[in-house]
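The structure file protein-v8.txt is reproduced below (compact mmCIF, C-alpha atoms and all ligand atoms).
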# COMPACT_ATOMS: atom_id res chain seq x y z
CA MET A 28 15.74 -17.50 -21.43
CA PRO A 29 13.19 -14.80 -22.31
CA LYS A 30 12.51 -12.38 -19.47
CA GLU A 31 9.23 -12.54 -17.58
CA ARG A 32 7.12 -9.46 -18.31
CA ILE A 33 5.72 -7.67 -15.24
CA LEU A 34 3.15 -4.92 -15.65
CA ILE A 35 2.86 -2.52 -12.68
CA THR A 36 -0.11 -0.15 -12.43
CA GLY A 37 -0.12 2.95 -10.21
CA ALA A 38 3.65 3.03 -10.68
CA LYS A 39 4.01 6.64 -9.50
CA GLY A 40 2.41 5.98 -6.09
CA LEU A 41 4.45 5.04 -3.03
CA LEU A 42 4.15 1.28 -3.41
CA GLY A 43 4.28 1.54 -7.21
CA GLN A 44 7.68 3.23 -7.12
CA LYS A 45 9.03 0.65 -4.67
CA LEU A 46 7.77 -2.20 -6.85
CA VAL A 47 9.47 -0.79 -9.92
CA GLU A 48 12.71 -0.39 -7.92
CA VAL A 49 12.64 -3.90 -6.43
CA PHE A 50 11.71 -5.71 -9.67
CA ARG A 51 14.16 -3.73 -11.84
CA ARG A 52 17.02 -5.10 -9.71
CA GLU A 53 16.17 -8.65 -10.78
CA SER A 54 17.55 -9.61 -14.16
CA GLU A 55 14.84 -12.18 -14.92
CA TYR A 56 12.12 -9.54 -15.22
CA GLU A 57 11.20 -6.96 -17.84
CA ILE A 58 9.20 -4.16 -16.22
CA TYR A 59 6.34 -2.22 -17.79
CA SER A 60 5.26 0.59 -15.50
CA CYS A 61 1.95 2.39 -15.98
CA ASP A 62 0.55 5.42 -14.21
CA LEU A 63 -2.40 7.69 -14.71
CA ASN A 64 -0.62 10.13 -17.01
CA GLY A 65 2.47 8.27 -18.26
CA ARG A 66 4.49 10.88 -16.36
CA ASP A 67 7.97 9.53 -17.10
CA GLU A 68 9.71 8.46 -20.22
CA GLY A 69 9.35 4.71 -20.34
CA SER A 70 6.12 4.80 -18.35
CA LEU A 71 2.80 4.06 -20.05
CA SER A 72 -0.39 5.95 -19.42
CA LEU A 73 -3.11 3.74 -17.96
CA ASP A 74 -6.25 4.77 -16.11
CA ILE A 75 -7.41 1.45 -14.69
CA THR A 76 -11.05 2.61 -14.79
CA ASP A 77 -10.83 2.70 -18.60
CA HIS A 78 -12.02 -0.82 -19.43
CA GLN A 79 -11.03 -0.78 -23.08
CA LYS A 80 -7.58 0.67 -22.38
CA VAL A 81 -6.93 -1.96 -19.70
CA VAL A 82 -7.66 -4.75 -22.20
CA GLU A 83 -5.59 -2.98 -24.87
CA VAL A 84 -2.52 -2.46 -22.65
CA VAL A 85 -2.59 -5.95 -21.12
CA GLY A 86 -3.20 -7.44 -24.58
CA SER A 87 -0.28 -5.58 -26.14
CA ILE A 88 2.23 -6.38 -23.37
CA LYS A 89 0.99 -9.88 -22.52
CA PRO A 90 2.64 -9.87 -19.10
CA SER A 91 2.97 -13.00 -17.04
CA VAL A 92 2.15 -10.93 -13.93
CA ILE A 93 0.12 -7.75 -13.41
CA ILE A 94 0.73 -6.01 -10.07
CA ASN A 95 -1.96 -3.50 -9.20
CA ALA A 96 -0.64 -0.68 -7.02
CA ALA A 97 -3.21 1.82 -8.31
CA ALA A 98 -5.89 2.74 -5.80
CA TYR A 99 -8.12 5.42 -4.38
CA THR A 100 -6.40 5.83 -1.00
CA ASN A 101 -7.99 8.84 0.72
CA VAL A 102 -10.00 7.14 3.47
CA ASP A 103 -11.93 10.23 4.62
CA LYS A 104 -12.68 11.59 1.15
CA ALA A 105 -13.96 8.15 0.10
CA GLU A 106 -16.96 8.77 2.38
CA VAL A 107 -18.11 11.54 0.02
CA GLU A 108 -16.44 10.68 -3.29
CA ARG A 109 -18.09 7.27 -3.22
CA GLU A 110 -18.51 6.75 -6.93
CA SER A 111 -14.90 7.50 -7.71
CA ALA A 112 -13.58 5.38 -4.82
CA TYR A 113 -15.71 2.40 -5.86
CA LYS A 114 -14.78 2.71 -9.51
CA ILE A 115 -11.02 2.66 -8.80
CA ASN A 116 -10.93 0.21 -5.88
CA ALA A 117 -13.57 -2.24 -7.05
CA THR A 118 -14.88 -1.93 -10.64
CA ALA A 119 -11.41 -1.36 -12.13
CA VAL A 120 -9.96 -4.31 -10.23
CA GLY A 121 -12.61 -6.37 -12.02
CA TYR A 122 -11.36 -5.01 -15.36
CA LEU A 123 -7.78 -5.97 -14.50
CA ALA A 124 -8.97 -9.41 -13.40
CA GLU A 125 -10.85 -9.94 -16.66
CA ALA A 126 -7.83 -8.88 -18.71
CA ALA A 127 -5.55 -11.10 -16.63
CA ASN A 128 -7.83 -14.05 -17.29
CA ILE A 129 -8.10 -13.39 -21.03
CA PHE A 130 -4.32 -13.07 -21.53
CA GLY A 131 -3.24 -15.70 -18.98
CA ALA A 132 -1.55 -13.40 -16.45
CA LYS A 133 -1.33 -13.72 -12.68
CA LEU A 134 -2.91 -10.71 -10.93
CA VAL A 135 -1.23 -9.50 -7.74
CA HIS A 136 -3.45 -7.00 -5.96
CA VAL A 137 -3.02 -4.95 -2.77
CA SER A 138 -5.72 -4.62 -0.14
CA THR A 139 -6.05 -3.35 3.39
CA ASP A 140 -6.67 -4.02 7.09
CA TYR A 141 -9.66 -1.68 6.72
CA VAL A 142 -11.67 -4.65 5.46
CA PHE A 143 -11.93 -5.55 9.19
CA ASP A 144 -13.98 -3.89 11.92
CA GLY A 145 -11.03 -3.77 14.33
CA ILE A 146 -12.92 -5.17 17.30
CA LYS A 147 -10.79 -8.26 17.97
CA GLY A 148 -7.52 -7.64 16.11
CA HIS A 149 -4.97 -10.39 15.35
CA TYR A 150 -6.66 -11.04 12.02
CA THR A 151 -5.63 -13.99 9.89
CA GLU A 152 -6.50 -14.68 6.26
CA ASP A 153 -9.46 -16.73 7.57
CA SER A 154 -10.95 -13.92 9.67
CA LYS A 155 -14.28 -12.54 8.48
CA PRO A 156 -14.06 -9.09 6.87
CA GLU A 157 -16.53 -6.53 8.22
CA PRO A 158 -15.56 -3.06 6.94
CA ILE A 159 -16.74 -0.05 8.95
CA ASN A 160 -15.95 2.69 6.44
CA TYR A 161 -16.62 3.19 2.74
CA TYR A 162 -12.97 2.86 1.71
CA GLY A 163 -12.86 -0.57 3.40
CA LYS A 164 -16.07 -1.55 1.62
CA THR A 165 -14.63 -0.60 -1.78
CA LYS A 166 -11.42 -2.54 -1.10
CA LEU A 167 -13.38 -5.63 -0.01
CA ALA A 168 -15.58 -5.35 -3.11
CA GLY A 169 -12.36 -5.21 -5.18
CA GLU A 170 -11.07 -8.40 -3.54
CA ASN A 171 -14.35 -10.18 -4.21
CA LEU A 172 -14.56 -9.09 -7.84
CA LEU A 173 -11.01 -10.25 -8.38
CA ILE A 174 -11.61 -13.66 -6.81
CA ALA A 175 -14.73 -14.11 -8.95
CA LYS A 176 -13.03 -13.18 -12.23
CA VAL A 177 -9.47 -14.50 -12.20
CA THR A 178 -8.12 -17.91 -11.29
CA ASP A 179 -4.43 -17.09 -10.77
CA TYR A 180 -4.33 -14.30 -8.21
CA VAL A 181 -2.63 -13.05 -5.07
CA ILE A 182 -4.11 -10.51 -2.68
CA LEU A 183 -1.63 -8.87 -0.32
CA ARG A 184 -3.46 -7.18 2.54
CA THR A 185 -1.29 -4.64 4.30
CA GLN A 186 -1.64 -1.75 6.74
CA VAL A 187 -0.23 1.60 7.90
CA LEU A 188 1.85 1.72 4.74
CA TYR A 189 4.60 4.31 4.82
CA GLY A 190 7.84 5.21 3.15
CA PHE A 191 9.66 7.76 1.07
CA ALA A 192 9.79 8.09 -2.70
CA PRO A 193 10.05 11.20 -4.87
CA GLY A 194 6.82 13.13 -5.33
CA VAL A 195 4.54 10.80 -3.35
CA LYS A 196 1.52 11.99 -1.41
CA THR A 197 2.13 12.40 2.28
CA ASN A 198 1.77 9.37 4.53
CA PHE A 199 1.69 8.97 8.31
CA VAL A 200 5.47 9.05 8.81
CA LEU A 201 6.12 11.89 6.35
CA TRP A 202 3.35 13.87 8.07
CA ALA A 203 4.80 13.30 11.56
CA VAL A 204 8.36 14.10 10.47
CA GLU A 205 7.23 17.29 8.78
CA LYS A 206 5.23 18.50 11.79
CA LEU A 207 7.89 17.67 14.36
CA SER A 208 10.64 19.18 12.21
CA LYS A 209 8.74 22.44 12.24
CA LYS A 210 8.48 22.07 16.04
CA GLU A 211 4.72 21.83 15.80
CA SER A 212 2.96 19.76 18.44
CA VAL A 213 1.13 16.66 17.24
CA ARG A 214 -1.91 15.04 18.84
CA VAL A 215 -2.02 11.35 18.03
CA VAL A 216 -4.54 8.67 18.94
CA ASP A 217 -3.43 6.03 21.41
CA ASP A 218 -6.56 3.89 20.96
CA GLN A 219 -5.93 2.75 17.37
CA VAL A 220 -3.38 -0.01 17.04
CA GLY A 221 -1.88 -1.74 14.05
CA ASN A 222 1.29 -2.97 12.37
CA PRO A 223 3.17 -0.24 10.49
CA THR A 224 4.60 -1.51 7.21
CA LEU A 225 7.46 -0.03 5.20
CA ALA A 226 6.45 0.06 1.52
CA ASP A 227 9.88 -1.32 0.51
CA GLU A 228 9.11 -4.48 2.52
CA LEU A 229 5.72 -4.93 0.88
CA ALA A 230 7.32 -4.55 -2.56
CA PHE A 231 9.82 -7.25 -1.56
CA ALA A 232 6.89 -9.50 -0.58
CA ALA A 233 5.43 -9.01 -4.06
CA LEU A 234 8.76 -10.08 -5.52
CA LYS A 235 8.67 -13.24 -3.38
CA VAL A 236 5.13 -13.92 -4.62
CA CYS A 237 6.43 -13.92 -8.21
CA GLN A 238 9.58 -15.90 -7.48
CA ARG A 239 7.63 -18.59 -5.62
CA ASN A 240 4.60 -18.45 -7.93
CA ALA A 241 2.37 -18.14 -4.85
CA THR A 242 -1.41 -17.87 -5.05
CA GLY A 243 -4.18 -16.77 -2.68
CA LEU A 244 -4.62 -14.28 0.13
CA PHE A 245 -1.76 -13.11 2.37
CA HIS A 246 -1.52 -10.70 5.29
CA VAL A 247 1.75 -8.77 4.96
CA SER A 248 2.68 -6.17 7.55
CA GLY A 249 5.33 -5.26 10.08
CA PHE A 250 5.38 -7.66 13.04
CA GLU A 251 5.12 -5.09 15.85
CA THR A 252 1.68 -3.94 16.96
CA VAL A 253 1.72 -0.36 18.21
CA SER A 254 -0.71 2.51 18.72
CA ARG A 255 -0.37 5.50 16.40
CA TYR A 256 0.89 7.43 19.44
CA GLU A 257 3.63 4.91 20.17
CA PHE A 258 4.53 4.88 16.49
CA VAL A 259 5.04 8.66 16.43
CA ARG A 260 7.21 8.42 19.53
CA GLN A 261 9.43 5.95 17.70
CA ILE A 262 9.45 8.18 14.61
CA ALA A 263 10.60 11.13 16.75
CA GLU A 264 13.36 9.01 18.26
CA VAL A 265 14.70 7.67 14.96
CA PHE A 266 14.55 11.07 13.23
CA SER A 267 16.07 12.82 16.30
CA LEU A 268 13.03 15.02 16.79
CA ASP A 269 11.46 16.35 19.98
CA VAL A 270 9.25 13.61 21.43
CA SER A 271 7.74 16.01 24.02
CA LEU A 272 5.75 17.58 21.16
CA VAL A 273 3.69 14.37 20.89
CA THR A 274 0.46 14.19 22.93
CA PRO A 275 -1.84 11.15 23.16
CA ILE A 276 -5.53 11.65 22.41
CA LYS A 277 -8.59 9.45 21.83
CA SER A 278 -10.20 8.77 18.44
CA GLU A 279 -13.34 10.65 19.53
CA GLU A 280 -11.28 13.84 19.77
CA LEU A 281 -10.44 13.70 16.05
CA SER A 282 -13.16 14.73 13.64
CA GLN A 283 -12.37 12.17 10.95
CA SER A 284 -15.19 11.57 8.45
CA ALA A 285 -14.46 7.85 8.20
CA LYS A 286 -14.54 5.52 11.21
CA ARG A 287 -11.25 3.69 11.83
CA PRO A 288 -10.85 0.13 13.14
CA LYS A 289 -9.44 0.26 16.70
CA ASN A 290 -7.31 -2.87 16.48
CA SER A 291 -6.65 -4.16 12.99
CA SER A 292 -3.45 -6.01 13.84
CA PHE A 293 -2.49 -8.90 11.56
CA ILE A 294 -1.13 -12.38 12.06
CA CYS A 295 1.30 -12.87 9.14
CA LEU A 296 2.27 -16.49 9.71
CA LYS A 297 1.17 -17.55 6.22
CA ALA A 298 3.39 -14.94 4.53
CA GLN A 299 6.28 -15.93 6.79
CA THR A 300 6.00 -19.62 6.01
CA LYS A 301 4.85 -19.60 2.36
CA LEU A 302 6.71 -16.51 1.10
CA GLY A 303 9.68 -16.68 3.48
CA ILE A 304 9.22 -13.13 4.65
CA THR A 305 10.84 -11.80 7.80
CA MET A 306 10.06 -8.19 8.59
CA PRO A 307 12.54 -5.83 10.25
CA SER A 308 11.61 -3.92 13.42
CA ILE A 309 9.83 -0.56 13.20
CA LYS A 310 13.01 1.24 14.23
CA ASP A 311 15.11 -0.50 11.57
CA SER A 312 12.47 0.26 8.93
CA LEU A 313 12.29 3.92 9.96
CA SER A 314 16.09 4.14 9.89
CA ARG A 315 16.10 2.77 6.35
CA MET A 316 13.53 5.37 5.31
CA LYS A 317 15.58 8.11 6.99
CA ARG A 318 18.67 7.04 5.01
CA GLN A 319 16.68 7.19 1.78
CA MET A 320 15.45 10.69 2.63
CA LYS A 321 18.96 11.76 3.51
CA THR A 322 20.32 10.49 0.21
CA SER A 323 17.65 12.37 -1.71
CA GLY A 324 18.20 15.54 0.34
CA ALA A 325 14.70 15.42 1.86
CA VAL A 326 15.73 14.71 5.45
CA GLN A 327 18.03 17.69 6.05
CA GLN A 328 15.17 19.96 5.23
CA SER A 329 12.58 18.20 7.33
CA THR A 330 14.65 17.54 10.45
CA LYS A 331 16.52 20.86 10.57
CA ARG A 332 16.33 22.21 14.10
N1 LIG B 401 -1.39 3.88 2.66
C1 LIG B 401 -1.81 2.98 3.54
O1 LIG B 401 -1.72 3.17 4.77
C2 LIG B 401 -2.38 1.67 3.07
C3 LIG B 401 -2.81 0.76 4.02
C4 LIG B 401 -3.29 -0.46 3.58
C5 LIG B 401 -3.36 -0.73 2.23
N2 LIG B 401 -2.98 0.19 1.32
C6 LIG B 401 -3.08 -0.15 -0.10
O2 LIG B 401 -1.76 -0.15 -0.66
C7 LIG B 401 -1.83 0.15 -2.04
C8 LIG B 401 -0.79 1.17 -2.42
O3 LIG B 401 -1.01 2.35 -1.67
P1 LIG B 401 -0.05 3.61 -1.76
O4 LIG B 401 0.13 4.12 -0.37
O5 LIG B 401 1.12 3.30 -2.60
O6 LIG B 401 -1.02 4.62 -2.53
P2 LIG B 401 -0.68 5.93 -3.35
O7 LIG B 401 0.67 6.44 -3.03
O8 LIG B 401 -1.88 6.81 -3.17
O9 LIG B 401 -0.64 5.38 -4.85
C9 LIG B 401 -1.77 5.05 -5.56
C10 LIG B 401 -1.49 5.39 -7.00
O10 LIG B 401 -2.63 5.03 -7.78
C11 LIG B 401 -2.83 6.05 -8.74
N3 LIG B 401 -4.19 6.02 -9.25
C12 LIG B 401 -5.32 6.53 -8.69
N4 LIG B 401 -6.37 6.32 -9.51
C13 LIG B 401 -5.89 5.64 -10.58
C14 LIG B 401 -6.49 5.16 -11.77
N5 LIG B 401 -7.79 5.31 -12.02
N6 LIG B 401 -5.70 4.53 -12.68
C15 LIG B 401 -4.38 4.40 -12.47
N7 LIG B 401 -3.75 4.85 -11.37
C16 LIG B 401 -4.52 5.46 -10.44
C17 LIG B 401 -2.51 7.31 -8.00
O11 LIG B 401 -2.30 8.38 -8.90
P3 LIG B 401 -2.58 9.90 -8.42
O12 LIG B 401 -1.65 10.13 -7.28
O13 LIG B 401 -2.30 10.69 -9.63
O14 LIG B 401 -4.03 9.91 -7.99
C18 LIG B 401 -1.26 6.90 -7.23
O15 LIG B 401 -0.11 7.08 -8.03
C19 LIG B 401 -3.29 0.55 -2.30
O16 LIG B 401 -3.98 -0.56 -2.83
C20 LIG B 401 -3.84 0.85 -0.94
O17 LIG B 401 -5.22 0.67 -0.86
C21 LIG B 401 -2.46 1.38 1.72
Show me this structure written as structure tokens.
Ligand SMILES: NC(=O)c1ccc[n+]([C@@H]2O[C@H](COP(=O)([O-])OP(=O)(O)OC[C@H]3O[C@@H](n4cnc5c(N)ncnc54)[C@H](OP(=O)(O)O)[C@@H]3O)[C@@H](O)[C@H]2O)c1
Amino acid sequence: MPKERILITGAKGLLGQKLVEVFRRESEYEIYSCDLNGRDEGSLSLDITDHQKVVEVVGSIKPSVIINAAAYTNVDKAEVERESAYKINATAVGYLAEAANIFGAKLVHVSTDYVFDGIKGHYTEDSKPEPINYYGKTKLAGENLLIAKVTDYVILRTQVLYGFAPGVKTNFVLWAVEKLSKKESVRVVDDQVGNPTLADELAFAALKVCQRNATGLFHVSGFETVSRYEFVRQIAEVFSLDVSLVTPIKSEELSQSAKRPKNSSFICLKAQTKLGITMPSIKDSLSRMKRQMKTSGAVQQSTKR
């Protein structure tokens, strides 16, 4: 049987690296990873905002599935770098969708809880998006362009994505571990709640999407809803760091350029039933990340007392 070709964009990002890892373990797939600069041997260079290149790459590989893990992810900077954020998170998703349609590929795309205003929480796939920051608006525009341009698609909306992989930008957990390891105090909001999600688990959900040939919109996140403050307390516990360094504050005390939804918690029943996904607890996910950091040598450095 010929292998199914899977093209992964943004393959050097956190989720991108996890996707490559998860799919490479499965013998039925042949993986083509692309990142902005083709940084590794075996990795192709693909800027998803380059329309012609997107068509060229998809046309030459002819994948059965394209998984888009490329994104503009800096929520605060997106308020000022609007053009760039829109181009990557919306316009380029349209290019991928067009190419997927032309060459008969399924497009699996990743979106965010920031498409919601965070007033009610417990959002399902049927809840009405109402983004309150520019990043959320670009991600919603990306979803809409995709739906308009490609018939075979999956959108995985996730939130508070974290994890460890070599060379990735910092994320909430890496930030907290670094600060607490240096015995620096951290002030964390206790009025923003959500469902932290280990990137490895989201990558596994993408694998399930392909194995089950699923279509449509799915909410995929950890099952526990916690405030950022409670999350850092759990991080401190799992990484054996000093929890007394963590102080709760209110969102108003942070001078973040972009507004954040207060409660963007998800209901993930559809992913559980249609994709067969069961998420581990926050503590188990953090422990898994800690083991990965330990293996790579990153944890000794960051949790040294
Ligand atoms: N992080 C979260 O809390 C969170 C929450 C909800 C949803 N999400 C979504 O989850 C997905 C994955 O996020 P992540 O945390 O893995 O992000 P990430 O680590 O920032 O990875 C994104 C990757 O996309 C690349 N990229 C940026 N512009 C590109 C372009 N024009 N062409 C090709 N590649 C480009 C980046 O390269 P450079 O590093 O070189 O710029 C980076 O490698 C995104 O769709 C994001 O919106 C994230």
**Request:** Could you pull out the residues sitting within 6 Å of ligand LIG 401 (chain B), using only C-alpha atoms and all ligand atoms, and write them as a ChimeraX atom specification?
**Result:** /A:37,39-43,62-63,73-76,96-100,115,137-139,185-188,195-196
**Asked** Distance CA of Tyr113 (chain A)-CA of Pro158 (chain A), one decimal place?
**Response** 13.9 Å
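Candidate residues A:His149, A:Arg51, A:Lys104, A:Arg315 were compared for distance to Glu228 (chain A), and the nearest is A:Arg315, using all atoms listed in the file.
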Can you tell me, as a PDB file with C-alpha atoms, in the frame of the given file, what residues are no more than 12 Å from Ala38 (chain A) when counting all atoms listed in the file, ignoring any on the same chain fewer than 3 positions away?
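Written output follows (out33.pdb):
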ATOM      1  CA  ILE A  33       5.720  -7.670 -15.240  1.00  0.00           C
ATOM      2  CA  LEU A  34       3.150  -4.920 -15.650  1.00  0.00           C
ATOM      3  CA  ILE A  35       2.860  -2.520 -12.680  1.00  0.00           C
ATOM      4  CA  LEU A  41       4.450   5.040  -3.030  1.00  0.00           C
ATOM      5  CA  LEU A  42       4.150   1.280  -3.410  1.00  0.00           C
ATOM      6  CA  GLY A  43       4.280   1.540  -7.210  1.00  0.00           C
ATOM      7  CA  GLN A  44       7.680   3.230  -7.120  1.00  0.00           C
ATOM      8  CA  LYS A  45       9.030   0.650  -4.670  1.00  0.00           C
ATOM      9  CA  LEU A  46       7.770  -2.200  -6.850  1.00  0.00           C
ATOM     10  CA  VAL A  47       9.470  -0.790  -9.920  1.00  0.00           C
ATOM     11  CA  GLU A  48      12.710  -0.390  -7.920  1.00  0.00           C
ATOM     12  CA  PHE A  50      11.710  -5.710  -9.670  1.00  0.00           C
ATOM     13  CA  ILE A  58       9.200  -4.160 -16.220  1.00  0.00           C
ATOM     14  CA  TYR A  59       6.340  -2.220 -17.790  1.00  0.00           C
ATOM     15  CA  SER A  60       5.260   0.590 -15.500  1.00  0.00           C
ATOM     16  CA  CYS A  61       1.950   2.390 -15.980  1.00  0.00           C
ATOM     17  CA  ASP A  62       0.550   5.420 -14.210  1.00  0.00           C
ATOM     18  CA  LEU A  63      -2.400   7.690 -14.710  1.00  0.00           C
ATOM     19  CA  ASN A  64      -0.620  10.130 -17.010  1.00  0.00           C
ATOM     20  CA  GLY A  65       2.470   8.270 -18.260  1.00  0.00           C
ATOM     21  CA  ARG A  66       4.490  10.880 -16.360  1.00  0.00           C
ATOM     22  CA  ASP A  67       7.970   9.530 -17.100  1.00  0.00           C
ATOM     23  CA  GLY A  69       9.350   4.710 -20.340  1.00  0.00           C
ATOM     24  CA  SER A  70       6.120   4.800 -18.350  1.00  0.00           C
ATOM     25  CA  LEU A  71       2.800   4.060 -20.050  1.00  0.00           C
ATOM     26  CA  SER A  72      -0.390   5.950 -19.420  1.00  0.00           C
ATOM     27  CA  LEU A  73      -3.110   3.740 -17.960  1.00  0.00           C
ATOM     28  CA  ASP A  74      -6.250   4.770 -16.110  1.00  0.00           C
ATOM     29  CA  ILE A  75      -7.410   1.450 -14.690  1.00  0.00           C
ATOM     30  CA  ILE A  93       0.120  -7.750 -13.410  1.00  0.00           C
ATOM     31  CA  ILE A  94       0.730  -6.010 -10.070  1.00  0.00           C
ATOM     32  CA  ASN A  95      -1.960  -3.500  -9.200  1.00  0.00           C
ATOM     33  CA  ALA A  96      -0.640  -0.680  -7.020  1.00  0.00           C
ATOM     34  CA  ALA A  97      -3.210   1.820  -8.310  1.00  0.00           C
ATOM     35  CA  ALA A  98      -5.890   2.740  -5.800  1.00  0.00           C
ATOM     36  CA  ALA A 192       9.790   8.090  -2.700  1.00  0.00           C
ATOM     37  CA  PRO A 193      10.050  11.200  -4.870  1.00  0.00           C
ATOM     38  CA  GLY A 194       6.820  13.130  -5.330  1.00  0.00           C
ATOM     39  CA  VAL A 195       4.540  10.800  -3.350  1.00  0.00           C
ATOM     40  CA  ALA A 230       7.320  -4.550  -2.560  1.00  0.00           C
TER      41      ALA A 230
END
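Distances to Phe143 (chain A) were evaluated for A:Gly190, A:Gly86, A:Gly221, A:Gly249 using all atoms listed in the file, and the minimum falls at A:Gly221.
Computed from the coordinates, the CA of Arg109 (chain A) to CA of Asn171 (chain A) distance equals 17.9 Å.
Nearest-residue note for Val273 (chain A): choosing from A:Ile304, A:Ala298, A:Val215, A:Val107, the minimum distance belongs to A:Val215, counting only C-alpha atoms.
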**Message:** Env of region 256-266 of chain A: 9 Å cut, atoms = only C-alpha atoms, seq-sep filter 3 positions within chain, self excluded. Answer as a PyMOL selection string.
**Reply:** chain A and resi 199-200+203-204+207+213-220+223+253+269-271+273-276+309-311+313-314+317+326+330
**Message:** Just to confirm, what's the straight-line distance from CA of Arg32 (chain A) to CA of Gln238 (chain A) in Å (one decimal)?
**Reply:** 12.8 Å
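Each of A:Leu268, A:Ile294, A:Glu152, A:Leu183 was checked against Ser208 (chain A) using all atoms listed in the file; the smallest atom-to-atom distance is that of A:Leu268.
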**Complete:** Judged by only C-alpha atoms, the minimum distance to Glu251 (chain A) among A:Leu234, A:Ser308, A:Ser212, A:Glu205 is found for A:Ser308
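Minimum atom-to-atom distance to Lys289 (chain A), evaluated using all atoms listed in the file, belongs to A:Asp144 out of A:Glu170, A:Asp144, A:Glu106, A:Glu157.
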How about completing region 28-43 of chain A with N, CA and C atoms and giving it to me as a compact mmCIF listing (two decimals), keeping the file's coordinate frame?
# COMPACT_ATOMS: atom_id res chain seq x y z
N MET A 28 17.14 -17.44 -21.96
CA MET A 28 15.74 -17.50 -21.43
C MET A 28 15.07 -16.14 -21.61
N PRO A 29 13.86 -16.10 -22.20
CA PRO A 29 13.19 -14.80 -22.31
C PRO A 29 12.82 -14.28 -20.92
N LYS A 30 12.84 -12.95 -20.78
CA LYS A 30 12.51 -12.38 -19.47
C LYS A 30 11.01 -12.45 -19.23
N GLU A 31 10.65 -12.55 -17.94
CA GLU A 31 9.23 -12.54 -17.58
C GLU A 31 8.74 -11.10 -17.58
N ARG A 32 7.63 -10.84 -18.26
CA ARG A 32 7.12 -9.46 -18.31
C ARG A 32 6.21 -9.17 -17.11
N ILE A 33 6.51 -8.07 -16.41
CA ILE A 33 5.72 -7.67 -15.24
C ILE A 33 5.12 -6.30 -15.52
N LEU A 34 3.81 -6.20 -15.43
CA LEU A 34 3.15 -4.92 -15.65
C LEU A 34 2.73 -4.35 -14.28
N ILE A 35 3.18 -3.13 -13.98
CA ILE A 35 2.86 -2.52 -12.68
C ILE A 35 1.97 -1.29 -12.91
N THR A 36 0.78 -1.31 -12.32
CA THR A 36 -0.11 -0.15 -12.43
C THR A 36 0.09 0.75 -11.20
N GLY A 37 -0.28 2.00 -11.34
CA GLY A 37 -0.12 2.95 -10.21
C GLY A 37 1.34 3.13 -9.86
N ALA A 38 2.20 3.09 -10.89
CA ALA A 38 3.65 3.03 -10.68
C ALA A 38 4.25 4.32 -10.12
N LYS A 39 3.47 5.39 -10.06
CA LYS A 39 4.01 6.64 -9.50
C LYS A 39 3.60 6.82 -8.04
N GLY A 40 2.78 5.92 -7.51
CA GLY A 40 2.41 5.98 -6.09
C GLY A 40 3.56 5.47 -5.23
N LEU A 41 3.37 5.48 -3.92
CA LEU A 41 4.45 5.04 -3.03
C LEU A 41 4.83 3.58 -3.30
N LEU A 42 3.85 2.69 -3.20
CA LEU A 42 4.15 1.28 -3.41
C LEU A 42 4.60 1.04 -4.85
N GLY A 43 3.94 1.71 -5.79
CA GLY A 43 4.28 1.54 -7.21
C GLY A 43 5.75 1.81 -7.47
